[in-house]
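Pasting model.txt here (compact mmCIF, C-alpha atoms and all ligand atoms):
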```
# COMPACT_ATOMS: atom_id res chain seq x y z
CA LEU A 1 83.49 82.32 44.73
CA ASN A 2 80.76 82.48 42.09
CA ASP A 3 82.32 79.75 40.00
CA LEU A 4 82.41 77.24 42.87
CA GLU A 5 80.43 74.13 42.08
CA LEU A 6 79.68 72.22 45.22
CA THR A 7 78.20 68.73 45.13
CA ASP A 8 75.21 68.07 47.38
CA HIS A 9 76.47 68.35 50.90
CA LYS A 10 74.36 68.18 54.05
CA GLU A 11 73.16 71.50 55.43
CA VAL A 12 72.46 69.68 58.67
CA VAL A 13 74.74 66.89 59.86
CA LYS A 14 73.43 64.32 62.33
CA VAL A 15 75.69 62.67 64.83
CA GLY A 16 73.32 60.21 66.46
CA ASP A 17 70.78 62.41 68.20
CA VAL A 18 73.01 65.50 68.01
CA VAL A 19 72.12 67.76 65.10
CA ILE A 20 74.67 70.24 63.75
CA GLY A 21 73.39 73.01 61.51
CA ASP A 22 69.87 73.58 62.80
CA ASN A 23 68.89 76.38 65.12
CA ASP A 24 70.31 74.87 68.29
CA LEU A 25 73.90 75.57 69.23
CA VAL A 26 76.15 72.53 69.65
CA VAL A 27 79.05 72.66 72.10
CA MET A 28 82.19 70.53 71.69
CA ALA A 29 84.67 70.74 74.53
CA GLY A 30 87.51 68.81 76.06
CA PRO A 31 91.27 68.83 76.41
CA CYS A 32 93.59 69.57 73.52
CA ALA A 33 95.18 66.16 74.07
CA VAL A 34 93.96 63.12 75.98
CA GLU A 35 96.59 62.83 78.73
CA SER A 36 95.19 60.45 81.33
CA ARG A 37 91.96 58.79 82.45
CA GLU A 38 91.57 61.21 85.33
CA GLN A 39 92.17 64.29 83.18
CA LEU A 40 89.77 63.17 80.46
CA LEU A 41 86.98 61.93 82.72
CA THR A 42 87.09 65.10 84.84
CA ALA A 43 86.74 67.21 81.70
CA ALA A 44 84.07 64.93 80.21
CA ARG A 45 81.91 65.06 83.34
CA GLU A 46 82.11 68.85 83.30
CA VAL A 47 81.12 69.01 79.62
CA LYS A 48 78.14 66.78 80.36
CA LYS A 49 77.15 68.63 83.53
CA CYS A 50 77.23 72.02 81.78
CA GLY A 51 75.12 70.83 78.85
CA GLY A 52 77.70 70.21 76.11
CA GLN A 53 77.01 67.44 73.58
CA ILE A 54 80.39 66.45 72.21
CA LEU A 55 83.70 65.61 73.89
CA ARG A 56 86.88 66.57 72.06
CA GLY A 57 90.35 65.24 72.73
CA GLY A 58 93.32 64.45 70.54
CA ALA A 59 94.93 61.01 70.67
CA PHE A 60 97.12 61.75 67.66
CA LYS A 61 98.54 65.26 67.93
CA PRO A 62 100.03 67.29 65.06
CA ARG A 63 102.64 69.17 67.10
CA THR A 64 104.82 71.88 65.61
CA SER A 65 107.87 70.41 67.34
CA PRO A 66 108.69 66.70 67.04
CA HIS A 67 109.93 66.90 70.63
CA SER A 68 106.49 67.87 71.97
CA PHE A 69 103.97 65.32 73.32
CA GLN A 70 102.52 63.49 70.33
CA GLY A 71 99.44 61.98 71.98
CA LEU A 72 98.58 58.61 73.54
CA GLY A 73 97.49 56.99 70.27
CA GLU A 74 95.09 54.06 70.63
CA GLU A 75 95.22 54.24 74.42
CA GLY A 76 93.81 57.76 74.09
CA LEU A 77 91.03 56.52 71.81
CA LYS A 78 90.11 53.88 74.40
CA LEU A 79 89.88 56.53 77.10
CA LEU A 80 87.60 58.60 74.85
CA ALA A 81 85.37 55.56 74.38
CA GLU A 82 85.27 55.05 78.14
CA ALA A 83 84.25 58.69 78.64
CA ARG A 84 81.53 58.31 76.01
CA GLU A 85 80.27 55.18 77.72
CA GLU A 86 80.01 56.97 81.05
CA THR A 87 78.62 60.32 79.92
CA GLY A 88 76.78 59.63 76.68
CA LEU A 89 78.72 62.45 74.99
CA LYS A 90 79.70 61.98 71.36
CA ILE A 91 83.42 61.95 70.50
CA VAL A 92 85.33 64.14 68.06
CA THR A 93 88.99 63.30 67.65
CA GLU A 94 91.68 64.06 65.10
CA LEU A 95 92.70 61.67 62.36
CA LEU A 96 96.25 62.56 61.42
CA ASP A 97 97.23 59.94 58.89
CA ALA A 98 95.45 57.80 56.31
CA THR A 99 97.03 54.66 57.77
CA ASP A 100 94.97 55.19 60.96
CA ILE A 101 91.55 55.67 59.31
CA GLU A 102 90.20 52.25 60.28
CA LEU A 103 91.45 52.52 63.83
CA VAL A 104 90.22 56.06 64.53
CA ASN A 105 86.93 55.44 62.72
CA GLN A 106 86.18 52.61 65.17
CA TYR A 107 86.13 55.11 68.03
CA ALA A 108 85.18 58.53 66.64
CA ASP A 109 81.65 59.86 66.13
CA ILE A 110 83.19 62.74 64.19
CA LEU A 111 86.58 62.56 62.48
CA GLN A 112 88.50 65.79 62.89
CA ILE A 113 90.84 66.81 60.09
CA GLY A 114 93.25 69.38 61.40
CA SER A 115 94.41 72.64 59.94
CA ARG A 116 97.69 71.11 58.78
CA ASN A 117 95.90 68.37 56.84
CA MET A 118 93.20 70.47 55.21
CA GLN A 119 94.84 70.12 51.81
CA ASN A 120 95.88 66.48 52.18
CA TYR A 121 93.82 65.48 49.17
CA ALA A 122 94.70 61.79 49.30
CA LEU A 123 93.36 61.67 52.85
CA LEU A 124 90.26 63.70 51.94
CA LYS A 125 89.41 61.34 49.08
CA LYS A 126 89.59 58.37 51.45
CA LEU A 127 87.23 60.10 53.88
CA GLY A 128 84.76 60.27 51.01
CA GLN A 129 84.39 56.50 51.27
CA LEU A 130 83.04 56.70 54.82
CA ASP A 131 79.69 57.81 56.28
CA THR A 132 81.24 59.15 59.46
CA PRO A 133 80.87 62.93 59.76
CA VAL A 134 84.10 64.80 59.06
CA MET A 135 84.96 68.07 60.77
CA LEU A 136 87.31 69.87 58.42
CA LYS A 137 89.32 72.57 60.14
CA ARG A 138 90.45 75.49 58.03
CA GLY A 139 94.08 75.48 56.99
CA TYR A 140 95.69 78.41 58.75
CA ALA A 141 96.87 79.81 55.44
CA ALA A 142 93.91 78.68 53.34
CA THR A 143 91.43 80.94 51.61
CA ILE A 144 87.72 80.28 52.00
CA LYS A 145 87.68 79.00 48.44
CA GLU A 146 90.50 76.52 49.08
CA TRP A 147 88.71 75.38 52.22
CA LEU A 148 85.40 74.84 50.43
CA LEU A 149 87.18 72.92 47.68
CA ALA A 150 88.83 70.73 50.32
CA ALA A 151 85.33 70.00 51.69
CA GLU A 152 84.27 69.23 48.12
CA TYR A 153 86.95 66.53 47.91
CA VAL A 154 85.20 64.66 50.73
CA VAL A 155 81.66 65.30 49.50
CA SER A 156 82.30 64.55 45.82
CA HIS A 157 83.95 61.25 46.79
CA GLY A 158 80.77 60.13 48.52
CA ASN A 159 80.55 61.50 52.05
CA PRO A 160 78.12 64.46 52.32
CA ASN A 161 78.56 64.76 56.10
CA VAL A 162 81.08 67.57 56.30
CA ILE A 163 81.21 70.13 59.08
CA LEU A 164 83.56 73.10 58.70
CA CYS A 165 85.54 74.56 61.59
CA GLU A 166 87.00 78.06 61.54
CA ARG A 167 90.06 78.00 63.79
CA GLY A 168 91.88 81.20 62.86
CA ILE A 169 94.23 82.12 60.06
CA ARG A 170 97.74 83.51 60.00
CA THR A 171 97.83 87.25 59.38
CA PHE A 172 100.41 90.00 60.06
CA GLU A 173 99.09 90.15 63.64
CA THR A 174 101.25 88.40 66.22
CA ALA A 175 99.59 89.56 69.47
CA THR A 176 97.22 86.61 69.24
CA ARG A 177 98.14 83.10 68.09
CA TYR A 178 95.99 83.31 64.96
CA THR A 179 93.30 85.71 63.74
CA LEU A 180 89.81 84.27 64.00
CA ASP A 181 88.04 84.99 60.72
CA LEU A 182 84.49 85.82 61.69
CA ASN A 183 83.81 86.93 58.11
CA ALA A 184 84.15 83.30 57.08
CA ILE A 185 81.39 82.24 59.45
CA ALA A 186 78.92 84.82 58.22
CA LEU A 187 79.82 84.30 54.56
CA ILE A 188 79.56 80.52 54.64
CA LYS A 189 76.24 80.58 56.45
CA ALA A 190 74.90 83.17 54.01
CA GLU A 191 76.11 81.64 50.75
CA PHE A 192 76.97 77.95 51.19
CA LYS A 193 75.03 76.67 54.18
CA LEU A 194 77.51 74.08 55.32
CA PRO A 195 77.41 73.45 59.07
CA ILE A 196 80.21 75.47 60.66
CA ILE A 197 81.83 75.48 64.09
CA ILE A 198 83.91 78.24 65.65
CA ASP A 199 87.12 77.35 67.53
CA PRO A 200 88.13 80.42 69.54
CA SER A 201 90.75 78.44 71.50
CA HIS A 202 93.18 77.98 68.61
CA GLY A 203 91.83 81.16 67.01
CA THR A 204 93.15 83.34 69.82
CA GLY A 205 95.60 81.18 71.78
CA LYS A 206 94.63 83.06 74.92
CA ARG A 207 92.30 81.75 77.61
CA ASN A 208 90.89 85.19 78.47
CA LEU A 209 89.85 85.80 74.85
CA VAL A 210 88.01 82.52 74.34
CA ASN A 211 84.73 83.56 75.94
CA PRO A 212 84.24 86.84 74.00
CA LEU A 213 85.26 85.29 70.68
CA ALA A 214 83.02 82.27 71.24
CA LYS A 215 80.09 84.64 71.66
CA ALA A 216 81.17 86.66 68.62
CA GLY A 217 81.33 83.50 66.52
CA VAL A 218 77.87 82.46 67.59
CA SER A 219 76.54 85.94 66.85
CA ALA A 220 78.10 85.68 63.39
CA GLY A 221 76.09 82.52 62.79
CA ALA A 222 78.22 79.56 63.89
CA ASP A 223 76.27 76.34 64.43
CA GLY A 224 78.52 75.33 67.26
CA VAL A 225 81.50 76.16 69.40
CA MET A 226 84.55 74.02 70.05
CA VAL A 227 86.72 74.95 73.03
CA GLU A 228 89.65 73.42 74.83
CA ILE A 229 89.23 72.86 78.56
CA HIS A 230 91.54 71.30 81.16
CA PRO A 231 91.13 70.45 84.85
CA ASN A 232 94.54 72.00 85.48
CA PRO A 233 95.67 74.11 82.50
CA GLU A 234 99.03 74.95 84.10
CA GLU A 235 100.01 71.31 83.83
CA ALA A 236 98.56 70.64 80.38
CA LEU A 237 100.87 68.80 77.97
CA CYS A 238 99.43 70.81 75.09
CA ASP A 239 97.79 74.23 74.67
CA GLY A 240 97.37 74.98 78.39
CA GLY A 241 97.52 78.73 77.79
CA GLN A 242 94.33 78.69 75.74
CA SER A 243 92.48 76.05 77.76
CA LEU A 244 89.56 77.12 79.90
CA THR A 245 89.39 75.94 83.48
CA MET A 246 86.31 73.97 84.52
CA LYS A 247 84.97 77.16 86.06
CA GLY A 248 85.69 79.20 82.94
CA PHE A 249 83.87 76.62 80.83
CA SER A 250 80.88 76.63 83.11
CA LYS A 251 80.72 80.43 82.80
CA LEU A 252 81.01 80.21 79.01
CA MET A 253 78.09 77.78 78.87
CA HIS A 254 76.07 80.14 80.99
CA ASP A 255 76.99 83.13 78.80
CA LEU A 256 76.23 81.28 75.56
CA THR A 257 72.64 80.72 76.59
CA GLY A 258 72.33 84.50 76.31
CA VAL A 259 73.26 84.51 72.61
CA ALA A 260 71.90 81.20 71.33
CA ASP A 261 69.63 78.27 71.99
CA VAL A 262 71.95 75.78 73.63
CA VAL A 263 70.36 72.36 73.24
C1 LIG B 1 93.12 70.69 67.60
O1 LIG B 1 91.94 71.08 67.50
O2 LIG B 1 93.49 69.94 68.48
C2 LIG B 1 94.12 71.16 66.63
C3 LIG B 1 95.31 70.58 66.55
O3 LIG B 1 93.71 72.21 65.91
P1 LIG B 1 94.24 72.79 64.51
O4 LIG B 1 94.34 71.64 63.57
O5 LIG B 1 93.19 73.77 64.17
O6 LIG B 1 95.58 73.42 64.82
MN MN B 2 95.03 72.36 70.78
```

structure tokens encoding of this file:
Amino acid sequence: LNDLELTDHKEVVKVGDVVIGDNDLVVMAGPCAVESREQLLTAAREVKKCGGQILRGGAFKPRTSPHSFQGLGEEGLKLLAEAREETGLKIVTELLDATDIELVNQYADILQIGSRNMQNYALLKKLGQLDTPVMLKRGYAATIKEWLLAAEYVVSHGNPNVILCERGIRTFETATRYTLDLNAIALIKAEFKLPIIIDPSHGTGKRNLVNPLAKAGVSAGADGVMVEIHPNPEEALCDGGQSLTMKGFSKLMHDLTGVADVV
């Protein structure tokens, strides 16, 4: 990694009054996909009540199967805006396709670029033309170098507000959905100083592993945690098996105060 030349990126990214990359831990939580007003608002109120700062929720979903629920699209974005209005939480939501940049950018406080799009260089270049913070999830088969160079596409095209998100990589191990690479967290904080978030939900795929791996990620130096939560995970249209219940999330927030300064 010695030969990596990174343009000036922000070591601390500001999303309104929420600061990502300083000493306080930032928590992003919400459903995998926005499914309904009731589902989203229930989750959003819980995030707010427990002290989280950012509401997540996909309106455009990159599903492995074309037959799976693909998201509510603009209707989902409107529900996110309604939840923001009520709770004051900031919104992070996935941008899947360059044709939707204008639309999603009208609603999102942070644009999430998913694992499957990490090396979509045409999209990354276009994000360079915005000021909106970009959360770049690691490609599940990408090296740290490839990931940092993907971030460099956004930064070198004019947008220094990049936040990384480690969400697990594919290894020989199949007992968990992916393998969360905690090395990446420690290495990036030590050598590159980009803000970085840990996503133990996708990283493990198992609800009962989310809490311990969230704490491990924070101990390794993550600036924030992103977790999936659902009022009724059994009925989730997406990623129910890794979604925390409201109670599980409340416990996680309590536990995290033991390992970090939760703002
Ligand atoms: C997500 O966070 O909703 C998601 C689809 O994650 P990833 O791109 O990491 O699979
Ligand atoms: Mn998901």

Could you list, with a cut-off of 12 Å and counting all atoms listed in the file, the residues of chain A near ligand MN 2 (chain B), each shown with its nearest atom pair and the distance in Å rounded to one decimal, rows sorted by chain and ascending number, as a tab-separated table?
```
residue	atom	partner	partner_atom	distance
A:Ala29	CA	B:MN2	MN	11.1
A:Gly30	CA	B:MN2	MN	9.9
A:Pro31	CA	B:MN2	MN	7.6
A:Cys32	CA	B:MN2	MN	4.2
A:Ala33	CA	B:MN2	MN	7.0
A:Val34	CA	B:MN2	MN	10.7
A:Arg56	CA	B:MN2	MN	10.1
A:Gly57	CA	B:MN2	MN	8.7
A:Gly58	CA	B:MN2	MN	8.1
A:Ala59	CA	B:MN2	MN	11.4
A:Phe60	CA	B:MN2	MN	11.3
A:Lys61	CA	B:MN2	MN	8.4
A:Pro62	CA	B:MN2	MN	9.1
A:Arg63	CA	B:MN2	MN	9.0
A:Thr64	CA	B:MN2	MN	11.1
A:Phe69	CA	B:MN2	MN	11.7
A:Gln70	CA	B:MN2	MN	11.6
A:Gly71	CA	B:MN2	MN	11.3
A:Thr93	CA	B:MN2	MN	11.3
A:Glu94	CA	B:MN2	MN	10.6
A:Gly114	CA	B:MN2	MN	10.0
A:Ser115	CA	B:MN2	MN	10.9
A:Arg167	CA	B:MN2	MN	10.3
A:Arg177	CA	B:MN2	MN	11.5
A:Asp199	CA	B:MN2	MN	9.9
A:Pro200	CA	B:MN2	MN	10.7
A:Ser201	CA	B:MN2	MN	7.5
A:His202	CA	B:MN2	MN	6.3
A:Gly203	CA	B:MN2	MN	10.1
A:Thr204	CA	B:MN2	MN	11.2
A:Gly205	CA	B:MN2	MN	8.9
A:Lys206	CA	B:MN2	MN	11.5
A:Arg207	CA	B:MN2	MN	11.9
A:Met226	CA	B:MN2	MN	10.6
A:Val227	CA	B:MN2	MN	9.0
A:Glu228	CA	B:MN2	MN	6.8
A:Ile229	CA	B:MN2	MN	9.7
A:His230	CA	B:MN2	MN	11.0
A:Pro233	CA	B:MN2	MN	11.9
A:Ala236	CA	B:MN2	MN	10.4
A:Leu237	CA	B:MN2	MN	9.9
A:Cys238	CA	B:MN2	MN	6.4
A:Asp239	CA	B:MN2	MN	5.1
A:Gly240	CA	B:MN2	MN	8.4
A:Gly241	CA	B:MN2	MN	9.8
A:Gln242	CA	B:MN2	MN	8.1
A:Ser243	CA	B:MN2	MN	8.3
A:Leu244	CA	B:MN2	MN	11.7
```

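Picture a line from CA of Leu256 (chain A) to CA of Val218 (chain A); it runs 8.2 Å.
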
Report summary line: Nearest to ligand LIG 1 (chain B), restricted to all atoms listed in the file and choosing among A:Gln106, A:Asn117, A:Gln53, A:Thr87, comes out as A:Asn117

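Taking CA of Pro195 (chain A) and CA of Tyr178 (chain A) as endpoints, the distance between them is 21.8 Å.
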
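Separating CA of Met118 (chain A) from CA of Trp147 (chain A) is a distance of 7.3 Å.
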
Might you pull out every residue within 7 Å of region 125-129 of chain A, with only C-alpha atoms counted and same-chain residues fewer than 3 positions away left off, and present them as a PDB file with C-alpha atoms, keeping the file's coordinate frame?
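Ended up saving to out-v1.pdb:
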```pdb
ATOM      1  CA  TYR A 121      93.820  65.480  49.170  1.00  0.00           C
ATOM      2  CA  ALA A 122      94.700  61.790  49.300  1.00  0.00           C
ATOM      3  CA  TYR A 153      86.950  66.530  47.910  1.00  0.00           C
ATOM      4  CA  VAL A 154      85.200  64.660  50.730  1.00  0.00           C
ATOM      5  CA  VAL A 155      81.660  65.300  49.500  1.00  0.00           C
ATOM      6  CA  HIS A 157      83.950  61.250  46.790  1.00  0.00           C
ATOM      7  CA  GLY A 158      80.770  60.130  48.520  1.00  0.00           C
ATOM      8  CA  ASN A 159      80.550  61.500  52.050  1.00  0.00           C
TER       9      ASN A 159
END
```

Query raised in the report: Within 8 Å of Val104 (chain A), counting all atoms listed in the file, which residues qualify if same-chain residues fewer than 6 places away don't, as an NGL selection string?
Result: :A and (77 or 93 or 95 or 111)

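For the residues A:Leu136, A:Ala150, A:Ala214, A:Ala175, ranking by smallest atom-to-atom distance to ligand LIG 1 (chain B) using only C-alpha atoms and all ligand atoms places A:Leu136 first.
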
Requested in this report: Identify, on the basis of all atoms listed in the file, every residue whose closest approach to region 253-255 of chain A does not exceed 12 Å; exclude the query and any residue fewer than 5 positions from it along the same chain; express the result as number ranges by chain.
Outcome: A: 25-29, 46-53, 210-216, 218, 224-227, 244, 246-248, 260-263

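When all atoms listed in the file are used to compute distances to Gln119 (chain A), the closest of the residues A:Leu187, A:Ala43, A:Leu149, A:Val92 turns out to be A:Leu149.
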
Report task. List the neighbours of Asp181 (chain A) out to 8 Å using only C-alpha atoms; skip same-chain residues closer than 5 positions along the sequence, and give me the result as a PyMOL selection string. Result -> chain A and resi 166-169

Report task. Dump as a PyMOL selection string all residues having an atom at most 12 Å from (81.3, 90.0, 60.7), computed in the file's coordinates with all atoms listed in the file. Result -> chain A and resi 180-190+213+216-222

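Minimum atom-to-atom distances from A:Tyr140, A:Phe249, A:Phe192, A:Tyr107 to ligand LIG 1 (chain B) were compared using all atoms listed in the file, and the lowest value belongs to A:Tyr140.
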
What are the centre and the three edge lengths of an axis-aligned box that wraps all atoms of ligand LIG 1 (chain B) in the file, given that 8 Å is added to every side, written as AutoDock Vina command-line options and rounded to one decimal in Å?
```
--center_x 93.8 --center_y 71.9 --center_z 66.0 --size_x 19.6 --size_y 19.8 --size_z 20.9
```

Query - Pick from A:Gly16, A:Asp22, A:Thr42, A:Lys137 nearest to ligand LIG 1 (chain B), counting only C-alpha atoms and all ligand atoms - result: A:Lys137

Query - Of the listed residues A:His67, A:Lys193, A:Arg138, A:Lys251, that which approaches ligand LIG 1 (chain B) most closely, counting all atoms listed in the file - result: A:Arg138

Using the block above, I'd like region 143-171 of chain A written out, keeping N, CA and C atoms and formatting it as a PDB file, in the first residue's frame.
```pdb
ATOM      1  N   THR A 143      -9.885  -5.948  -2.366  1.00  0.00           N
ATOM      2  CA  THR A 143      -8.788  -5.744  -1.423  1.00  0.00           C
ATOM      3  C   THR A 143      -8.902  -4.337  -0.828  1.00  0.00           C
ATOM      4  N   ILE A 144      -8.152  -4.117   0.238  1.00  0.00           N
ATOM      5  CA  ILE A 144      -8.147  -2.784   0.854  1.00  0.00           C
ATOM      6  C   ILE A 144      -7.628  -1.753  -0.148  1.00  0.00           C
ATOM      7  N   LYS A 145      -6.653  -2.148  -0.928  1.00  0.00           N
ATOM      8  CA  LYS A 145      -6.095  -1.224  -1.919  1.00  0.00           C
ATOM      9  C   LYS A 145      -7.146  -0.844  -2.971  1.00  0.00           C
ATOM     10  N   GLU A 146      -7.868  -1.836  -3.467  1.00  0.00           N
ATOM     11  CA  GLU A 146      -8.906  -1.547  -4.467  1.00  0.00           C
ATOM     12  C   GLU A 146      -9.993  -0.630  -3.881  1.00  0.00           C
ATOM     13  N   TRP A 147     -10.278  -0.873  -2.619  1.00  0.00           N
ATOM     14  CA  TRP A 147     -11.306  -0.075  -1.928  1.00  0.00           C
ATOM     15  C   TRP A 147     -10.838   1.378  -1.781  1.00  0.00           C
ATOM     16  N   LEU A 148      -9.599   1.561  -1.345  1.00  0.00           N
ATOM     17  CA  LEU A 148      -9.067   2.915  -1.191  1.00  0.00           C
ATOM     18  C   LEU A 148      -8.984   3.638  -2.539  1.00  0.00           C
ATOM     19  N   LEU A 149      -8.667   2.883  -3.584  1.00  0.00           N
ATOM     20  CA  LEU A 149      -8.614   3.510  -4.912  1.00  0.00           C
ATOM     21  C   LEU A 149     -10.014   3.868  -5.400  1.00  0.00           C
ATOM     22  N   ALA A 150     -10.998   3.093  -5.013  1.00  0.00           N
ATOM     23  CA  ALA A 150     -12.390   3.436  -5.351  1.00  0.00           C
ATOM     24  C   ALA A 150     -12.767   4.749  -4.649  1.00  0.00           C
ATOM     25  N   ALA A 151     -12.368   4.868  -3.372  1.00  0.00           N
ATOM     26  CA  ALA A 151     -12.611   6.123  -2.638  1.00  0.00           C
ATOM     27  C   ALA A 151     -11.908   7.279  -3.350  1.00  0.00           C
ATOM     28  N   GLU A 152     -10.707   6.997  -3.841  1.00  0.00           N
ATOM     29  CA  GLU A 152      -9.916   8.031  -4.527  1.00  0.00           C
ATOM     30  C   GLU A 152     -10.605   8.528  -5.801  1.00  0.00           C
ATOM     31  N   TYR A 153     -11.366   7.663  -6.459  1.00  0.00           N
ATOM     32  CA  TYR A 153     -12.157   8.108  -7.616  1.00  0.00           C
ATOM     33  C   TYR A 153     -13.090   9.249  -7.230  1.00  0.00           C
ATOM     34  N   VAL A 154     -13.764   9.089  -6.087  1.00  0.00           N
ATOM     35  CA  VAL A 154     -14.714  10.124  -5.648  1.00  0.00           C
ATOM     36  C   VAL A 154     -13.958  11.392  -5.231  1.00  0.00           C
ATOM     37  N   VAL A 155     -12.927  11.198  -4.419  1.00  0.00           N
ATOM     38  CA  VAL A 155     -12.190  12.341  -3.867  1.00  0.00           C
ATOM     39  C   VAL A 155     -11.476  13.115  -4.980  1.00  0.00           C
ATOM     40  N   SER A 156     -10.793  12.388  -5.862  1.00  0.00           N
ATOM     41  CA  SER A 156      -9.998  13.079  -6.891  1.00  0.00           C
ATOM     42  C   SER A 156     -10.892  13.771  -7.921  1.00  0.00           C
ATOM     43  N   HIS A 157     -12.167  13.373  -7.977  1.00  0.00           N
ATOM     44  CA  HIS A 157     -13.087  14.079  -8.883  1.00  0.00           C
ATOM     45  C   HIS A 157     -13.823  15.220  -8.192  1.00  0.00           C
ATOM     46  N   GLY A 158     -13.424  15.505  -6.933  1.00  0.00           N
ATOM     47  CA  GLY A 158     -13.908  16.753  -6.333  1.00  0.00           C
ATOM     48  C   GLY A 158     -14.709  16.646  -5.053  1.00  0.00           C
ATOM     49  N   ASN A 159     -15.014  15.441  -4.604  1.00  0.00           N
ATOM     50  CA  ASN A 159     -15.799  15.320  -3.367  1.00  0.00           C
ATOM     51  C   ASN A 159     -14.956  14.640  -2.279  1.00  0.00           C
ATOM     52  N   PRO A 160     -14.457  15.442  -1.315  1.00  0.00           N
ATOM     53  CA  PRO A 160     -13.567  14.876  -0.282  1.00  0.00           C
ATOM     54  C   PRO A 160     -14.312  14.169   0.847  1.00  0.00           C
ATOM     55  N   ASN A 161     -15.648  14.210   0.795  1.00  0.00           N
ATOM     56  CA  ASN A 161     -16.453  13.697   1.914  1.00  0.00           C
ATOM     57  C   ASN A 161     -16.781  12.217   1.772  1.00  0.00           C
ATOM     58  N   VAL A 162     -15.763  11.394   1.905  1.00  0.00           N
ATOM     59  CA  VAL A 162     -15.977   9.952   1.760  1.00  0.00           C
ATOM     60  C   VAL A 162     -15.828   9.263   3.111  1.00  0.00           C
ATOM     61  N   ILE A 163     -16.786   8.402   3.381  1.00  0.00           N
ATOM     62  CA  ILE A 163     -16.773   7.568   4.593  1.00  0.00           C
ATOM     63  C   ILE A 163     -16.692   6.128   4.097  1.00  0.00           C
ATOM     64  N   LEU A 164     -15.781   5.343   4.648  1.00  0.00           N
ATOM     65  CA  LEU A 164     -15.706   3.932   4.256  1.00  0.00           C
ATOM     66  C   LEU A 164     -16.622   3.106   5.151  1.00  0.00           C
ATOM     67  N   CYS A 165     -17.038   1.946   4.647  1.00  0.00           N
ATOM     68  CA  CYS A 165     -17.826   1.032   5.478  1.00  0.00           C
ATOM     69  C   CYS A 165     -17.384  -0.405   5.210  1.00  0.00           C
ATOM     70  N   GLU A 166     -16.814  -1.010   6.245  1.00  0.00           N
ATOM     71  CA  GLU A 166     -16.409  -2.426   6.157  1.00  0.00           C
ATOM     72  C   GLU A 166     -17.637  -3.281   6.448  1.00  0.00           C
ATOM     73  N   ARG A 167     -18.002  -4.114   5.474  1.00  0.00           N
ATOM     74  CA  ARG A 167     -19.238  -4.889   5.584  1.00  0.00           C
ATOM     75  C   ARG A 167     -19.011  -6.386   5.382  1.00  0.00           C
ATOM     76  N   GLY A 168     -17.734  -6.798   5.494  1.00  0.00           N
ATOM     77  CA  GLY A 168     -17.437  -8.224   5.358  1.00  0.00           C
ATOM     78  C   GLY A 168     -17.014  -8.571   3.942  1.00  0.00           C
ATOM     79  N   ILE A 169     -16.110  -9.540   3.871  1.00  0.00           N
ATOM     80  CA  ILE A 169     -15.606 -10.002   2.573  1.00  0.00           C
ATOM     81  C   ILE A 169     -15.876 -11.494   2.432  1.00  0.00           C
ATOM     82  N   ARG A 170     -15.812 -11.970   1.210  1.00  0.00           N
ATOM     83  CA  ARG A 170     -16.045 -13.394   0.967  1.00  0.00           C
ATOM     84  C   ARG A 170     -14.729 -14.142   1.174  1.00  0.00           C
ATOM     85  N   THR A 171     -14.764 -15.136   2.035  1.00  0.00           N
ATOM     86  CA  THR A 171     -13.588 -15.963   2.277  1.00  0.00           C
ATOM     87  C   THR A 171     -13.999 -17.422   2.068  1.00  0.00           C
TER      88      THR A 171
END
```
